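What follows is the content of my_file-v9.tsv, which has TSV, C-alpha atoms:
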chain	number	residue	atom	x	y	z
H	1	MET	CA	-111.68	-3.77	-114.50
H	2	SER	CA	-114.73	-1.57	-114.94
H	3	GLN	CA	-115.14	1.80	-113.21
H	4	THR	CA	-117.80	0.29	-110.93
H	5	ASP	CA	-115.45	-2.50	-109.81
H	6	ALA	CA	-112.69	0.02	-109.18
H	7	ALA	CA	-115.06	2.16	-107.10
H	8	ALA	CA	-116.18	-0.92	-105.14
H	9	MET	CA	-112.54	-1.82	-104.36
H	10	GLU	CA	-111.85	1.72	-103.17
H	11	MET	CA	-114.84	1.69	-100.87
H	12	HIS	CA	-113.85	-1.49	-99.01
H	13	SER	CA	-110.96	-1.85	-96.60
H	14	ALA	CA	-108.60	-4.81	-96.11
H	15	THR	CA	-111.17	-6.20	-93.65
H	16	GLY	CA	-113.62	-6.63	-96.52
H	17	LEU	CA	-115.98	-4.20	-94.82
H	18	PRO	CA	-117.12	-0.89	-96.32
H	19	ASN	CA	-114.90	1.93	-95.06
H	20	ARG	CA	-117.76	4.39	-94.58
H	21	LYS	CA	-119.70	1.92	-92.45
H	22	VAL	CA	-116.65	1.15	-90.29
H	23	LEU	CA	-116.13	4.90	-89.88
H	24	MET	CA	-119.76	5.45	-88.89
H	25	TRP	CA	-119.58	2.74	-86.22
H	26	ALA	CA	-116.34	4.29	-84.88
H	27	PHE	CA	-118.08	7.69	-84.82
H	28	ILE	CA	-121.06	6.18	-82.98
H	29	GLY	CA	-118.63	4.68	-80.46
H	30	SER	CA	-117.18	8.14	-79.82
H	31	GLU	CA	-120.71	9.55	-79.48
H	32	CYS	CA	-121.32	7.04	-76.65
H	33	MET	CA	-118.50	8.80	-74.78
H	34	LEU	CA	-119.95	12.26	-75.50
H	35	PHE	CA	-123.46	11.41	-74.31
H	36	GLY	CA	-122.00	9.41	-71.41
H	37	SER	CA	-120.24	12.54	-70.15
H	38	LEU	CA	-123.39	14.67	-70.49
H	39	ILE	CA	-125.44	12.02	-68.67
H	40	ILE	CA	-122.88	12.05	-65.84
H	41	VAL	CA	-123.31	15.83	-65.51
H	42	TYR	CA	-127.11	15.53	-65.42
H	43	MET	CA	-127.18	12.64	-62.93
H	44	VAL	CA	-124.58	14.17	-60.59
H	45	TYR	CA	-126.52	17.46	-60.46
H	46	ARG	CA	-129.89	15.68	-60.11
H	47	GLY	CA	-131.74	16.76	-56.97
H	48	LYS	CA	-129.09	19.36	-56.09
H	49	SER	CA	-130.84	22.51	-57.36
H	50	LEU	CA	-131.17	25.10	-54.60
H	51	VAL	CA	-133.97	27.04	-56.27
H	52	GLY	CA	-136.92	25.98	-58.43
H	53	PRO	CA	-138.47	25.15	-60.74
H	54	TYR	CA	-137.65	21.48	-60.07
H	55	PRO	CA	-138.09	18.53	-62.47
H	56	SER	CA	-141.28	17.35	-60.73
H	57	ASP	CA	-142.82	20.83	-61.28
H	58	LEU	CA	-142.25	20.79	-65.04
H	59	LEU	CA	-141.79	17.37	-66.65
H	60	ASN	CA	-144.88	16.26	-68.56
H	61	ILE	CA	-144.67	12.45	-68.79
H	62	PRO	CA	-147.71	11.80	-71.05
H	63	PHE	CA	-146.53	14.42	-73.56
H	64	ILE	CA	-142.96	13.17	-73.70
H	65	THR	CA	-144.16	9.56	-73.97
H	66	VAL	CA	-145.94	10.50	-77.20
H	67	THR	CA	-142.83	12.18	-78.66
H	68	THR	CA	-140.73	9.18	-77.55
H	69	PHE	CA	-143.14	6.87	-79.37
H	70	VAL	CA	-142.86	9.10	-82.46
H	71	LEU	CA	-139.06	8.80	-82.43
H	72	LEU	CA	-139.25	5.01	-81.98
H	73	MET	CA	-141.59	4.75	-84.97
H	74	SER	CA	-139.24	6.93	-87.03
H	75	SER	CA	-136.64	4.17	-86.55
H	76	LEU	CA	-139.11	1.68	-88.03
H	77	MET	CA	-139.64	4.01	-91.02
H	78	MET	CA	-135.86	4.19	-91.44
H	79	VAL	CA	-135.34	0.42	-91.64
H	80	LEU	CA	-138.28	0.15	-94.03
H	81	ALA	CA	-136.63	2.84	-96.20
H	82	LEU	CA	-133.35	0.93	-96.24
H	83	SER	CA	-135.13	-2.33	-97.03
H	84	ALA	CA	-136.98	-0.67	-99.95
H	85	VAL	CA	-133.80	0.92	-101.37
H	86	GLN	CA	-131.89	-2.39	-101.04
H	87	ARG	CA	-134.50	-4.16	-103.15
H	88	GLY	CA	-134.57	-1.29	-105.67
H	89	ASP	CA	-138.03	0.01	-104.76
H	90	MET	CA	-137.10	3.70	-104.90
H	91	LYS	CA	-140.72	4.90	-104.75
H	92	TRP	CA	-141.25	3.41	-101.27
H	93	GLY	CA	-137.65	4.18	-100.37
H	94	LYS	CA	-138.40	7.87	-100.88
H	95	ILE	CA	-141.71	7.67	-99.01
H	96	TRP	CA	-140.21	5.94	-95.95
H	97	LEU	CA	-137.22	8.31	-95.92
H	98	PHE	CA	-139.56	11.31	-95.99
H	99	MET	CA	-141.74	9.77	-93.27
H	100	THR	CA	-138.64	9.26	-91.10
H	101	ALA	CA	-137.66	12.93	-91.56
H	102	LEU	CA	-141.26	14.00	-90.88
H	103	LEU	CA	-141.45	12.05	-87.60
H	104	GLY	CA	-138.04	13.53	-86.69
H	105	MET	CA	-139.49	17.00	-87.27
H	106	VAL	CA	-142.53	16.14	-85.10
H	107	PHE	CA	-140.13	15.09	-82.32
H	108	LEU	CA	-138.18	18.34	-82.72
H	109	GLY	CA	-141.45	20.31	-82.65
H	110	GLY	CA	-142.29	18.61	-79.35
H	111	GLN	CA	-138.88	19.54	-77.98
H	112	VAL	CA	-139.25	23.18	-79.07
H	113	TYR	CA	-142.68	23.27	-77.37
H	114	GLU	CA	-141.24	21.69	-74.19
H	115	PHE	CA	-138.27	24.07	-74.08
H	116	SER	CA	-140.41	27.17	-74.63
H	117	HIS	CA	-142.87	25.96	-71.96
H	118	PHE	CA	-140.02	25.49	-69.48
H	119	VAL	CA	-138.59	28.94	-70.25
H	120	HIS	CA	-142.08	30.42	-69.79
H	121	GLU	CA	-142.23	28.69	-66.38
H	122	GLY	CA	-138.91	30.30	-65.42
H	123	LEU	CA	-136.39	27.54	-66.20
H	124	THR	CA	-133.41	28.64	-68.29
H	125	LEU	CA	-129.81	27.47	-68.65
H	126	LYS	CA	-128.84	29.78	-65.79
H	127	THR	CA	-131.74	29.23	-63.38
H	128	ASN	CA	-130.38	26.22	-61.47
H	129	LEU	CA	-128.38	22.99	-61.86
H	130	PHE	CA	-131.42	21.19	-63.31
H	131	GLY	CA	-131.91	23.86	-65.99
H	132	GLY	CA	-128.25	23.92	-67.01
H	133	SER	CA	-127.78	20.15	-67.21
H	134	PHE	CA	-131.24	19.46	-68.70
H	135	PHE	CA	-130.93	21.93	-71.57
H	136	LEU	CA	-127.34	20.87	-72.24
H	137	LEU	CA	-128.21	17.17	-72.46
H	138	THR	CA	-131.53	17.32	-74.30
H	139	GLY	CA	-130.34	20.25	-76.45
H	140	THR	CA	-127.31	18.25	-77.63
H	141	HIS	CA	-129.60	15.35	-78.47
H	142	GLY	CA	-132.01	17.70	-80.26
H	143	ALA	CA	-129.12	19.11	-82.32
H	144	HIS	CA	-128.29	15.54	-83.37
H	145	VAL	CA	-131.91	14.96	-84.38
H	146	ALA	CA	-131.86	18.20	-86.41
H	147	VAL	CA	-128.71	17.08	-88.25
H	148	GLY	CA	-130.36	13.71	-88.90
H	149	VAL	CA	-133.48	15.35	-90.33
H	150	LEU	CA	-131.37	17.48	-92.70
H	151	TRP	CA	-129.41	14.38	-93.74
H	152	LEU	CA	-132.61	12.43	-94.44
H	153	LEU	CA	-134.15	15.29	-96.40
H	154	SER	CA	-130.98	15.51	-98.50
H	155	LEU	CA	-131.37	11.78	-99.28
H	156	VAL	CA	-135.00	12.35	-100.30
H	157	PHE	CA	-133.81	15.20	-102.54
H	158	MET	CA	-131.10	12.96	-104.06
H	159	ALA	CA	-133.63	10.18	-104.65
H	160	GLN	CA	-136.03	12.67	-106.26
H	161	ARG	CA	-133.28	13.70	-108.70
H	162	GLY	CA	-132.45	10.06	-109.44
H	163	LYS	CA	-129.05	10.25	-107.76
H	164	LEU	CA	-129.96	7.72	-105.06
H	165	THR	CA	-130.42	4.22	-106.41
H	166	GLN	CA	-130.19	0.61	-105.29
H	167	ALA	CA	-126.44	0.83	-105.92
H	168	ASN	CA	-126.18	3.54	-103.22
H	169	ALA	CA	-128.05	1.53	-100.56
H	170	GLU	CA	-124.98	1.81	-98.32
H	171	THR	CA	-125.46	5.60	-98.21
H	172	VAL	CA	-128.95	5.05	-96.79
H	173	GLU	CA	-127.67	2.39	-94.38
H	174	ILE	CA	-125.06	4.80	-92.96
H	175	ALA	CA	-127.65	7.55	-92.50
H	176	GLY	CA	-129.84	4.91	-90.85
H	177	LEU	CA	-127.10	3.94	-88.38
H	178	TYR	CA	-126.85	7.59	-87.31
H	179	TRP	CA	-130.62	7.92	-87.01
H	180	HIS	CA	-131.03	4.74	-84.96
H	181	PHE	CA	-128.23	5.86	-82.65
H	182	VAL	CA	-130.09	9.13	-82.03
H	183	ASP	CA	-133.14	6.99	-81.16
H	184	VAL	CA	-131.09	4.74	-78.85
H	185	VAL	CA	-129.74	7.77	-76.99
H	186	TRP	CA	-133.28	9.02	-76.45
H	187	ILE	CA	-134.33	5.62	-75.06
H	188	VAL	CA	-131.72	6.13	-72.33
H	189	LEU	CA	-132.54	9.83	-71.76
H	190	PHE	CA	-136.29	9.16	-71.54
H	191	THR	CA	-135.70	6.74	-68.66
H	192	LEU	CA	-133.05	8.76	-66.83
H	193	ILE	CA	-134.58	12.24	-67.16
H	194	TYR	CA	-138.31	11.65	-67.25
H	195	LEU	CA	-139.02	8.37	-65.44
H	196	LEU	CA	-136.35	8.40	-62.73
H	197	VAL	CA	-137.42	11.85	-61.45
S	198	MET	CA	-114.27	-7.60	-102.65
S	199	THR	CA	-117.99	-7.52	-102.90
S	200	GLN	CA	-118.09	-11.25	-102.11
S	201	THR	CA	-116.03	-10.69	-98.96
S	202	HIS	CA	-118.35	-7.89	-98.00
S	203	GLN	CA	-121.35	-10.17	-98.41
S	204	HIS	CA	-119.70	-12.83	-96.21
S	205	ALA	CA	-118.97	-10.28	-93.47
S	206	ASP	CA	-122.43	-8.65	-93.50
S	207	HIS	CA	-125.10	-11.33	-93.23
S	208	ALA	CA	-128.66	-11.04	-94.50
S	209	HIS	CA	-130.81	-8.50	-92.68
S	210	PRO	CA	-134.22	-9.29	-91.13
S	211	SER	CA	-137.48	-9.06	-93.07
S	212	ASN	CA	-139.91	-6.11	-92.88
S	213	ARG	CA	-142.21	-8.31	-90.81
S	214	THR	CA	-139.47	-8.70	-88.18
S	215	TYR	CA	-138.89	-4.94	-88.17
S	216	ILE	CA	-142.59	-4.25	-87.58
S	217	LEU	CA	-142.70	-6.87	-84.80
S	218	VAL	CA	-139.66	-5.28	-83.12
S	219	ALA	CA	-141.26	-1.81	-83.39
S	220	ALA	CA	-144.47	-3.15	-81.83
S	221	ILE	CA	-142.51	-4.68	-78.94
S	222	LEU	CA	-140.66	-1.36	-78.47
S	223	GLY	CA	-143.99	0.45	-78.28
S	224	VAL	CA	-145.34	-2.04	-75.74
S	225	ILE	CA	-142.19	-1.77	-73.56
S	226	THR	CA	-142.50	2.05	-73.61
S	227	ALA	CA	-146.14	1.74	-72.48
S	228	VAL	CA	-145.10	-0.68	-69.71
S	229	GLU	CA	-142.36	1.75	-68.59
S	230	VAL	CA	-144.87	4.59	-68.22
S	231	GLY	CA	-147.39	2.24	-66.53
S	232	VAL	CA	-144.76	1.11	-64.02
S	233	PHE	CA	-143.86	4.76	-63.36
S	234	TYR	CA	-147.43	5.50	-62.19
S	235	LEU	CA	-147.80	2.34	-60.01
S	236	GLU	CA	-147.02	3.35	-56.43
S	237	ALA	CA	-146.76	-0.30	-55.33
S	238	LEU	CA	-143.70	-0.75	-57.55
S	239	GLU	CA	-141.89	2.34	-56.25
S	240	PRO	CA	-139.24	0.38	-54.24
S	241	VAL	CA	-138.20	-1.55	-57.37
S	242	LEU	CA	-138.89	1.22	-59.89
S	243	VAL	CA	-135.24	1.96	-60.72
S	244	PRO	CA	-134.15	-1.62	-61.56
S	245	ILE	CA	-137.34	-2.30	-63.54
S	246	LEU	CA	-136.96	0.86	-65.64
S	247	LEU	CA	-133.26	0.24	-66.23
S	248	VAL	CA	-133.92	-3.34	-67.40
S	249	LEU	CA	-136.76	-2.22	-69.72
S	250	SER	CA	-134.61	0.61	-71.11
S	251	ALA	CA	-131.71	-1.81	-71.70
S	252	ALA	CA	-134.07	-4.20	-73.49
S	253	LYS	CA	-135.21	-1.41	-75.86
S	254	PHE	CA	-131.62	-0.29	-76.39
S	255	THR	CA	-130.52	-3.84	-77.28
S	256	MET	CA	-133.43	-4.40	-79.67
S	257	VAL	CA	-132.82	-1.19	-81.64
S	258	VAL	CA	-129.06	-1.80	-81.84
S	259	GLY	CA	-129.43	-5.51	-82.61
S	260	PHE	CA	-132.25	-5.44	-85.16
S	261	PHE	CA	-132.58	-1.90	-86.57
S	262	MET	CA	-128.82	-1.22	-86.62
S	263	HIS	CA	-128.19	-4.86	-87.67
S	264	LEU	CA	-125.44	-5.36	-85.09
S	265	LYS	CA	-126.84	-8.85	-84.40
S	266	PHE	CA	-126.31	-9.81	-88.04
S	267	ASP	CA	-123.32	-7.75	-89.25
S	268	SER	CA	-119.57	-8.19	-88.84
S	269	LYS	CA	-118.08	-8.59	-85.35
S	270	LEU	CA	-115.79	-5.63	-86.03
S	271	TYR	CA	-118.79	-3.27	-85.83
S	272	ARG	CA	-119.69	-4.82	-82.48
S	273	VAL	CA	-116.16	-4.17	-81.20
S	274	LEU	CA	-116.25	-0.57	-82.45
S	275	PHE	CA	-119.57	0.07	-80.68
S	276	VAL	CA	-119.50	-2.11	-77.56
S	277	GLY	CA	-115.89	-1.19	-76.64
S	278	PRO	CA	-116.51	2.55	-76.20
S	279	LEU	CA	-119.94	1.81	-74.73
S	280	ILE	CA	-118.38	-0.30	-71.96
S	281	VAL	CA	-115.82	2.43	-71.27
S	282	ALA	CA	-118.60	5.07	-71.15
S	283	ILE	CA	-120.71	2.93	-68.76
S	284	ALA	CA	-117.67	2.19	-66.55
S	285	VAL	CA	-116.82	5.91	-66.29
S	286	MET	CA	-120.48	6.70	-65.56
S	287	MET	CA	-120.67	4.10	-62.78
S	288	ALA	CA	-117.40	5.35	-61.27
S	289	MET	CA	-118.62	8.96	-61.26
S	290	PHE	CA	-122.05	7.98	-59.89
S	291	LEU	CA	-120.38	6.11	-57.00
S	292	LEU	CA	-117.94	8.98	-56.42
S	293	TYR	CA	-120.71	11.59	-56.25
S	294	GLY	CA	-123.22	9.37	-54.42
S	295	VAL	CA	-125.84	9.40	-57.17
S	296	PHE	CA	-127.29	6.12	-55.91
S	297	ARG	CA	-127.66	7.35	-52.32
S	298	ALA	CA	-131.26	8.18	-51.41

Could you show the structure in this file as structure tokens?
Amino acid sequence: MSQTDAAAMEMHSATGLPNRKVLMWAFIGSECMLFGSLIIVYMVYRGKSLVGPYPSDLLNIPFITVTTFVLLMSSLMMVLALSAVQRGDMKWGKIWLFMTALLGMVFLGGQVYEFSHFVHEGLTLKTNLFGGSFFLLTGTHGAHVAVGVLWLLSLVFMAQRGKLTQANAETVEIAGLYWHFVDVVWIVLFTLIYLLV
Amino acid sequence: MTQTHQHADHAHPSNRTYILVAAILGVITAVEVGVFYLEALEPVLVPILLVLSAAKFTMVVGFFMHLKFDSKLYRVLFVGPLIVAIAVMMAMFLLYGVFRA
């Protein structure tokens, strides 16, 4: 048995599925619970703030629609990156991975702008129930995006050094699962926070 | 082992499918925002937005995360906790009267 075969056997469980991918799906399942609890907090406190500013005073729908679109397109870049790596096209794999990270950074830039605008308008974590629950929920999501961006950039760095190849496509797929989940969470938050004001 | 893995994880969609899915996601987002600004649809705004959001959610999970094509075990690992999370959310929303006007 070659070293590669031995490594392949170690990486797969008795189910015949890759251990790391099973673990990532289990992690994503637990993340559903985490974001579910934060959404409960936001929705229960919705409309119960005694002092302003209120959501209708601050939320900028056109602006957030653009950043939402950016995050959706980053998911497209991610699947294109995985597809390229799976067929051994590392040049385009690197480009799409970098583009995904770049769009993630654009989304984060939009969130930083939104947060600083809200603080300037007098909304902080302590101002009212809206401020506390909004910053907690969107801040937790933003932290996930930031982790995803760092993860993607590390993959770009690995690919640049030749340490990410077609044989490691599963590594990209697992990062992709995380990234798409972050996108899926935002799909829900966009509707609940911004459209159901 | 690798053969078993290939049986469990079926072939993923083509780039063309991915681009088509992304285009549909973009269109649904535009429709969501359009619906938000239409005063005539205000009485049915909540169900429309929830259905559109669920459609986007399903498309990303099904196509981009390959849940439609991969092993059923992944579906169990994701959908199980998701159902629990949604059930707890619904219970808390009813308890705290989130749906009351």

My list of candidates is S:Leu274, S:Leu217, S:Leu235, S:Val241. Which is closest to chain H when distances are computed with all atoms listed in the file?
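Looking only at the distances to chain H, the closest residue turns out to be S:Leu274.
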
Within 8 Å of chain S, which residues of chain H come that close, and what is the closest atom pair and distance in Å for each? Count all atoms listed in the file and give it as JSON lines.
{"residue": "H:Ala8", "atom": "CA", "partner": "S:Thr199", "partner_atom": "CA", "distance": 7.2}
{"residue": "H:Met9", "atom": "CA", "partner": "S:Met198", "partner_atom": "CA", "distance": 6.3}
{"residue": "H:His12", "atom": "CA", "partner": "S:Met198", "partner_atom": "CA", "distance": 7.1}
{"residue": "H:Gly16", "atom": "CA", "partner": "S:His202", "partner_atom": "CA", "distance": 5.1}
{"residue": "H:Leu17", "atom": "CA", "partner": "S:His202", "partner_atom": "CA", "distance": 5.4}
{"residue": "H:Pro18", "atom": "CA", "partner": "S:His202", "partner_atom": "CA", "distance": 7.3}
{"residue": "H:Val22", "atom": "CA", "partner": "S:Tyr271", "partner_atom": "CA", "distance": 6.6}
{"residue": "H:Trp25", "atom": "CA", "partner": "S:Leu274", "partner_atom": "CA", "distance": 6.0}
{"residue": "H:Ala26", "atom": "CA", "partner": "S:Leu274", "partner_atom": "CA", "distance": 5.4}
{"residue": "H:Ile28", "atom": "CA", "partner": "S:Phe275", "partner_atom": "CA", "distance": 6.7}
{"residue": "H:Gly29", "atom": "CA", "partner": "S:Phe275", "partner_atom": "CA", "distance": 4.7}
{"residue": "H:Ser30", "atom": "CA", "partner": "S:Pro278", "partner_atom": "CA", "distance": 6.7}
{"residue": "H:Cys32", "atom": "CA", "partner": "S:Leu279", "partner_atom": "CA", "distance": 5.7}
{"residue": "H:Met33", "atom": "CA", "partner": "S:Ala282", "partner_atom": "CA", "distance": 5.2}
{"residue": "H:Gly36", "atom": "CA", "partner": "S:Ala282", "partner_atom": "CA", "distance": 5.5}
{"residue": "H:Ser37", "atom": "CA", "partner": "S:Met286", "partner_atom": "CA", "distance": 7.4}
{"residue": "H:Ile39", "atom": "CA", "partner": "S:Met286", "partner_atom": "CA", "distance": 7.9}
{"residue": "H:Ile40", "atom": "CA", "partner": "S:Met286", "partner_atom": "CA", "distance": 5.9}
{"residue": "H:Met43", "atom": "CA", "partner": "S:Val295", "partner_atom": "CA", "distance": 6.7}
{"residue": "H:Val44", "atom": "CA", "partner": "S:Val295", "partner_atom": "CA", "distance": 6.0}
{"residue": "H:Ile61", "atom": "CA", "partner": "S:Val230", "partner_atom": "CA", "distance": 7.9}
{"residue": "H:Thr65", "atom": "CA", "partner": "S:Val230", "partner_atom": "CA", "distance": 7.6}
{"residue": "H:Phe69", "atom": "CA", "partner": "S:Gly223", "partner_atom": "CA", "distance": 6.6}
{"residue": "H:Leu72", "atom": "CA", "partner": "S:Ala219", "partner_atom": "CA", "distance": 7.2}
{"residue": "H:Met73", "atom": "CA", "partner": "S:Ala219", "partner_atom": "CA", "distance": 6.8}
{"residue": "H:Ser75", "atom": "CA", "partner": "S:Phe261", "partner_atom": "CA", "distance": 7.3}
{"residue": "H:Leu76", "atom": "CA", "partner": "S:Ala219", "partner_atom": "CA", "distance": 6.2}
{"residue": "H:Val79", "atom": "CA", "partner": "S:Phe261", "partner_atom": "CA", "distance": 6.2}
{"residue": "H:Leu80", "atom": "CA", "partner": "S:Asn212", "partner_atom": "CA", "distance": 6.6}
{"residue": "H:Ser83", "atom": "CA", "partner": "S:Asn212", "partner_atom": "CA", "distance": 7.4}
{"residue": "H:Gly176", "atom": "CA", "partner": "S:Met262", "partner_atom": "CA", "distance": 7.5}
{"residue": "H:Leu177", "atom": "CA", "partner": "S:Met262", "partner_atom": "CA", "distance": 5.7}
{"residue": "H:His180", "atom": "CA", "partner": "S:Met262", "partner_atom": "CA", "distance": 6.6}
{"residue": "H:Phe181", "atom": "CA", "partner": "S:Val258", "partner_atom": "CA", "distance": 7.7}
{"residue": "H:Val184", "atom": "CA", "partner": "S:Phe254", "partner_atom": "CA", "distance": 5.6}
{"residue": "H:Ile187", "atom": "CA", "partner": "S:Ser250", "partner_atom": "CA", "distance": 6.4}
{"residue": "H:Val188", "atom": "CA", "partner": "S:Ser250", "partner_atom": "CA", "distance": 6.3}
{"residue": "H:Thr191", "atom": "CA", "partner": "S:Ser250", "partner_atom": "CA", "distance": 6.7}
{"residue": "H:Leu195", "atom": "CA", "partner": "S:Phe233", "partner_atom": "CA", "distance": 6.4}
{"residue": "H:Leu196", "atom": "CA", "partner": "S:Val243", "partner_atom": "CA", "distance": 6.8}

Those residues with C-alpha atoms, as a compact mmCIF listing (two decimals), in the frame of the given file please?
# COMPACT_ATOMS: atom_id res chain seq x y z
CA ALA H 8 -116.18 -0.92 -105.14
CA MET H 9 -112.54 -1.82 -104.36
CA HIS H 12 -113.85 -1.49 -99.01
CA GLY H 16 -113.62 -6.63 -96.52
CA LEU H 17 -115.98 -4.20 -94.82
CA PRO H 18 -117.12 -0.89 -96.32
CA VAL H 22 -116.65 1.15 -90.29
CA TRP H 25 -119.58 2.74 -86.22
CA ALA H 26 -116.34 4.29 -84.88
CA ILE H 28 -121.06 6.18 -82.98
CA GLY H 29 -118.63 4.68 -80.46
CA SER H 30 -117.18 8.14 -79.82
CA CYS H 32 -121.32 7.04 -76.65
CA MET H 33 -118.50 8.80 -74.78
CA GLY H 36 -122.00 9.41 -71.41
CA SER H 37 -120.24 12.54 -70.15
CA ILE H 39 -125.44 12.02 -68.67
CA ILE H 40 -122.88 12.05 -65.84
CA MET H 43 -127.18 12.64 -62.93
CA VAL H 44 -124.58 14.17 -60.59
CA ILE H 61 -144.67 12.45 -68.79
CA THR H 65 -144.16 9.56 -73.97
CA PHE H 69 -143.14 6.87 -79.37
CA LEU H 72 -139.25 5.01 -81.98
CA MET H 73 -141.59 4.75 -84.97
CA SER H 75 -136.64 4.17 -86.55
CA LEU H 76 -139.11 1.68 -88.03
CA VAL H 79 -135.34 0.42 -91.64
CA LEU H 80 -138.28 0.15 -94.03
CA SER H 83 -135.13 -2.33 -97.03
CA GLY H 176 -129.84 4.91 -90.85
CA LEU H 177 -127.10 3.94 -88.38
CA HIS H 180 -131.03 4.74 -84.96
CA PHE H 181 -128.23 5.86 -82.65
CA VAL H 184 -131.09 4.74 -78.85
CA ILE H 187 -134.33 5.62 -75.06
CA VAL H 188 -131.72 6.13 -72.33
CA THR H 191 -135.70 6.74 -68.66
CA LEU H 195 -139.02 8.37 -65.44
CA LEU H 196 -136.35 8.40 -62.73

Trp186 in chain H environment, 9 Å, all atoms listed in the file, sequence neighbours closer than 6 positions dropped, as an mmCIF file with C-alpha atoms, in the frame of the given file:
data_model
loop_
_atom_site.group_PDB
_atom_site.id
_atom_site.type_symbol
_atom_site.label_atom_id
_atom_site.label_comp_id
_atom_site.auth_asym_id
_atom_site.auth_seq_id
_atom_site.Cartn_x
_atom_site.Cartn_y
_atom_site.Cartn_z
ATOM 1 C CA THR H 68 -140.730 9.180 -77.550
ATOM 2 C CA LEU H 71 -139.060 8.800 -82.430
ATOM 3 C CA THR H 138 -131.530 17.320 -74.300
ATOM 4 C CA HIS H 141 -129.600 15.350 -78.470
#

Quick one: residues within 12 Å of Val147 in chain H, all atoms listed in the file, excluding same-chain residues fewer than 2 positions away - as a short mmCIF file (atom, residue, chain, number, x, y, z; two decimals) with C-alpha atoms, in the coordinates of the input?
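Dumped everything to selection-v2.cif:
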data_model
loop_
_atom_site.label_atom_id
_atom_site.label_comp_id
_atom_site.auth_asym_id
_atom_site.auth_seq_id
_atom_site.Cartn_x
_atom_site.Cartn_y
_atom_site.Cartn_z
CA ALA H 101 -137.66 12.93 -91.56
CA GLY H 104 -138.04 13.53 -86.69
CA MET H 105 -139.49 17.00 -87.27
CA LEU H 108 -138.18 18.34 -82.72
CA THR H 140 -127.31 18.25 -77.63
CA HIS H 141 -129.60 15.35 -78.47
CA GLY H 142 -132.01 17.70 -80.26
CA ALA H 143 -129.12 19.11 -82.32
CA HIS H 144 -128.29 15.54 -83.37
CA VAL H 145 -131.91 14.96 -84.38
CA VAL H 149 -133.48 15.35 -90.33
CA LEU H 150 -131.37 17.48 -92.70
CA TRP H 151 -129.41 14.38 -93.74
CA LEU H 152 -132.61 12.43 -94.44
CA LEU H 153 -134.15 15.29 -96.40
CA SER H 154 -130.98 15.51 -98.50
CA ALA H 175 -127.65 7.55 -92.50
CA TYR H 178 -126.85 7.59 -87.31
CA TRP H 179 -130.62 7.92 -87.01
CA VAL H 182 -130.09 9.13 -82.03
#

From CA of Leu50 in chain H to CA of Asn128 in chain H the spacing works out at 7.0 Å

Nearest to Arg87 in chain H by atom-to-atom distance, counting only C-alpha atoms, from H:Ile174, H:Leu192, H:Val119, H:Ala167:
H:Ala167

Considering all atoms listed in the file, can you say which of H:Gln86, H:Gly109, H:Asn60, H:Met77 comes closest to Glu170 in chain H?
H:Gln86

Could you please determine the separation between CA of Ala84 in chain H and CA of Phe27 in chain H in Å, to one decimal place?
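Straight-line distance from CA of Ala84 in chain H to CA of Phe27 in chain H works out to 25.6 Å.
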
Please write out, as AutoDock Vina command-line options, where the centre of an axis-aligned box around all listed atoms of range 279-286 of chain S lies and how long its edges are, in Å to one decimal, after adding 8 Å on each side.
--center_x -118.3 --center_y 3.2 --center_z -70.1 --size_x 20.9 --size_y 23.0 --size_z 25.2

Quick one: pull the distance between CA of Leu102 in chain H and CA of Met90 in chain H, Å, one decimal.
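CA of Met90 in chain H lies 17.9 Å from CA of Leu102 in chain H.
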
Return range 261-269 of chain S, completed with N, CA and C atoms, as a PDB file, in the coordinates of the input.
ATOM      1  N   PHE S 261    -132.496  -3.044 -85.655  1.00  0.00           N
ATOM      2  CA  PHE S 261    -132.580  -1.900 -86.570  1.00  0.00           C
ATOM      3  C   PHE S 261    -131.184  -1.484 -87.082  1.00  0.00           C
ATOM      4  N   MET S 262    -130.171  -1.605 -86.189  1.00  0.00           N
ATOM      5  CA  MET S 262    -128.820  -1.220 -86.620  1.00  0.00           C
ATOM      6  C   MET S 262    -128.047  -2.446 -87.125  1.00  0.00           C
ATOM      7  N   HIS S 263    -128.716  -3.598 -87.106  1.00  0.00           N
ATOM      8  CA  HIS S 263    -128.190  -4.860 -87.670  1.00  0.00           C
ATOM      9  C   HIS S 263    -126.930  -5.373 -86.983  1.00  0.00           C
ATOM     10  N   LEU S 264    -126.670  -4.919 -85.759  1.00  0.00           N
ATOM     11  CA  LEU S 264    -125.440  -5.360 -85.090  1.00  0.00           C
ATOM     12  C   LEU S 264    -125.464  -6.859 -84.796  1.00  0.00           C
ATOM     13  N   LYS S 265    -126.683  -7.403 -84.652  1.00  0.00           N
ATOM     14  CA  LYS S 265    -126.840  -8.850 -84.400  1.00  0.00           C
ATOM     15  C   LYS S 265    -126.419  -9.669 -85.626  1.00  0.00           C
ATOM     16  N   PHE S 266    -126.513  -9.053 -86.793  1.00  0.00           N
ATOM     17  CA  PHE S 266    -126.310  -9.810 -88.040  1.00  0.00           C
ATOM     18  C   PHE S 266    -125.007  -9.455 -88.761  1.00  0.00           C
ATOM     19  N   ASP S 267    -124.491  -8.230 -88.508  1.00  0.00           N
ATOM     20  CA  ASP S 267    -123.320  -7.750 -89.250  1.00  0.00           C
ATOM     21  C   ASP S 267    -122.001  -8.249 -88.662  1.00  0.00           C
ATOM     22  N   SER S 268    -120.917  -7.782 -89.240  1.00  0.00           N
ATOM     23  CA  SER S 268    -119.570  -8.190 -88.840  1.00  0.00           C
ATOM     24  C   SER S 268    -119.277  -7.905 -87.361  1.00  0.00           C
ATOM     25  N   LYS S 269    -118.449  -8.760 -86.767  1.00  0.00           N
ATOM     26  CA  LYS S 269    -118.080  -8.590 -85.350  1.00  0.00           C
ATOM     27  C   LYS S 269    -117.270  -7.318 -85.134  1.00  0.00           C
TER      28      LYS S 269
END
